[in-house]
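What follows is one structure encoded as structure tokens, with my remarks underneath.
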Amino acid sequence: MPEGDTIFRTARAMGRALIGKPVTVFRSTYPLLTRFDDDTPLAGQIVVRVESRGKWLLIHFSSGATLATHLLMSGSWHIYRHGERWQQPRQNMRIVLENAEYVTVGFRVPVAKMLNPHDLERALRIPPAVIDVLSEGFDAAEVSTRLLQCRDEEIGDVLLHQEVIAGVGNVFKSEICFVTATSPFCKVSALDLEKVEALVATSRKLIKANVLEDSGDAIVTYGGRKRRTTHESDPSASLWVYGRAGEPCRKCGERIRRRIQGPDARVTFWCQQCQPMPDGSFVDG
Ligand SMILES: [Zn+2]
């Protein structure tokens with residue numbers, strides 16, 4: 001699953017390739033998209049905006065229509081020059097959007113819809129900007145309120161609820177809990193308001209730091225925002241806990257634990273020592 005910051009970077013790159021330019025070619029393997037294109041051809045329209053909203057990538061056209069894609073586990077958008085060789089097989093192509101300079105290709109994009117403005121937010125359950133960690137309109141108080149409503153759920157699960165806080169993926173979930181010294185298995189009802197506010201602020205801070213122009217593609221939480229010049233083959237080298245099961249905690253030296261958590265069976269990493277349960281109980285991993 002691409003993290004919110006990955007989609008944000010994709011949207012930024014797609015925006016640079018597409019915004020302000022007329023579409024020359026639109027193709028898709030999805031009948032609903034091609035039918036929409038038959039009725040209201042995208043060729044000749046200008047791309048006015050490309051944005052990420054939670055895990056949705058939205059391409060807005062001058063007609064008012066929006067192409068919304070959700071990349072889930074498998075999908076990705078690539079940007080090529082005309083004539084450049086694609087990095088995925090042609091049979092993975094789902095959507096092609098071209099202009100005079102670029103060919104953008106959506107590979108194995110599992111969810112794609114064309115929508116009119118008034119359908120947009122409702123039809124896709126696209127998270128509103130106020131709960132999107134990467135949006136200018138982010139409202140920390142609103143997110144804290146939504147989070148506190150999930151009283152009986154574990155915080156490690158709640159951080160992944162896109163209708164509570166949009167843009168936190170599974171890597172960031174573990175990192176945010178570590179940075180705020182929160183056990184991912186703690187029920188929300190056992191967290192005080194100060195802790196909830198710290199979780200919300202840290203979510204935004206860590207994820208925003210990862211979408212700076214110079215932040216590269218790897219997620220970096222440990223080591224601040226210092227950019228490594230050498231290529232790290234192990235992505236967990238720049239993280240506090242994620243992917244580091246069995247290795248020593250970077251703060252206390254205790255063994256980092258790993259456990260499958262929640263109804264969606266997502267993997268969670270944490271340090272028992274640095275992230276105790278409020279009542280002193282232990283969750284083992
Ligand atoms: Zn520790």
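Ligands are numbered from 1 in the order shown, residues from 1 within each chain, and chains are lettered A, B, ... in the order they appear in the structure tokens.
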Write out as a list in words each polymer residue (protein, DNA or RNA) that has an atom no more than 10 Å from ligand 1, with only C-alpha atoms and all ligand atoms counted.
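Counting only what the definition allows, namely only C-alpha atoms and all ligand atoms, the set is Phe178, Ala181, Trp240, Val241, Pro248, Cys249, Arg250, Lys251, Cys252, Gly253, Glu254, Arg255, Ile256, Trp270, Cys271, Gln272, Gln273, Cys274, Gln275 and Pro276 of chain A.
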Identify, with DSSP run on backbone atoms, the residues in region 78-242 of chain A assigned to alpha helix (DSSP H), and express the list as a VMD selection string.
chain A and resid 120 to 124 140 to 148 155 to 158 170 to 179 193 to 209
Which residues, written as a PyMOL selection string, have at least one atom at most 6 Å from region 123-134 of chain A, with only C-alpha atoms counted and residues fewer than 3 positions away on the same chain left out?
chain A and resi 54+119-120+137-139+143+165-167+204
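Ranking A:Ala43, A:Ile79, A:Val158, A:Ala13 by their shortest atom-to-atom distance to Phe185 (chain A), with only C-alpha atoms included, puts A:Val158 first.
The space separating CA of Val171 (chain A) from CA of Asp157 (chain A) comes to 12.3 Å.
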Residue among A:Val196, A:Met114, A:Val188, A:Ile7 lying closest to Arg35 (chain A), counting only C-alpha atoms:
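Nearest to Arg35 (chain A): A:Met114.
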If we count only C-alpha atoms, what is near Ser62 (chain A) at a cut-off of 12 Å, once residues fewer than 6 positions away on the same chain are taken out, given as a list in words?
Ile19, Gly20, Lys21, Pro22, Val23, Thr40, Pro41, Leu42, Ala43, Gly44, Gln45, Ile46, Val47, Val48, Arg49, Val50, Asn116 and Pro117 of chain A
Enumerate as number ranges by chain all residues of region 48-211 of chain A assigned to strand (DSSP E or B) by DSSP on the backbone, naming them with the chain letters and numbers the document uses.
A: 48-53, 56-61, 66-70, 76-81, 93-98, 102-107, 111-115, 132, 154, 166, 187
Which residues, written as a ChimeraX atom specification, have at least one atom at most 8 Å from Val168 (chain A), with only C-alpha atoms counted and residues fewer than 3 positions away on the same chain left out?
/A:3-4,133,159-160,162,165,172-173,203,207
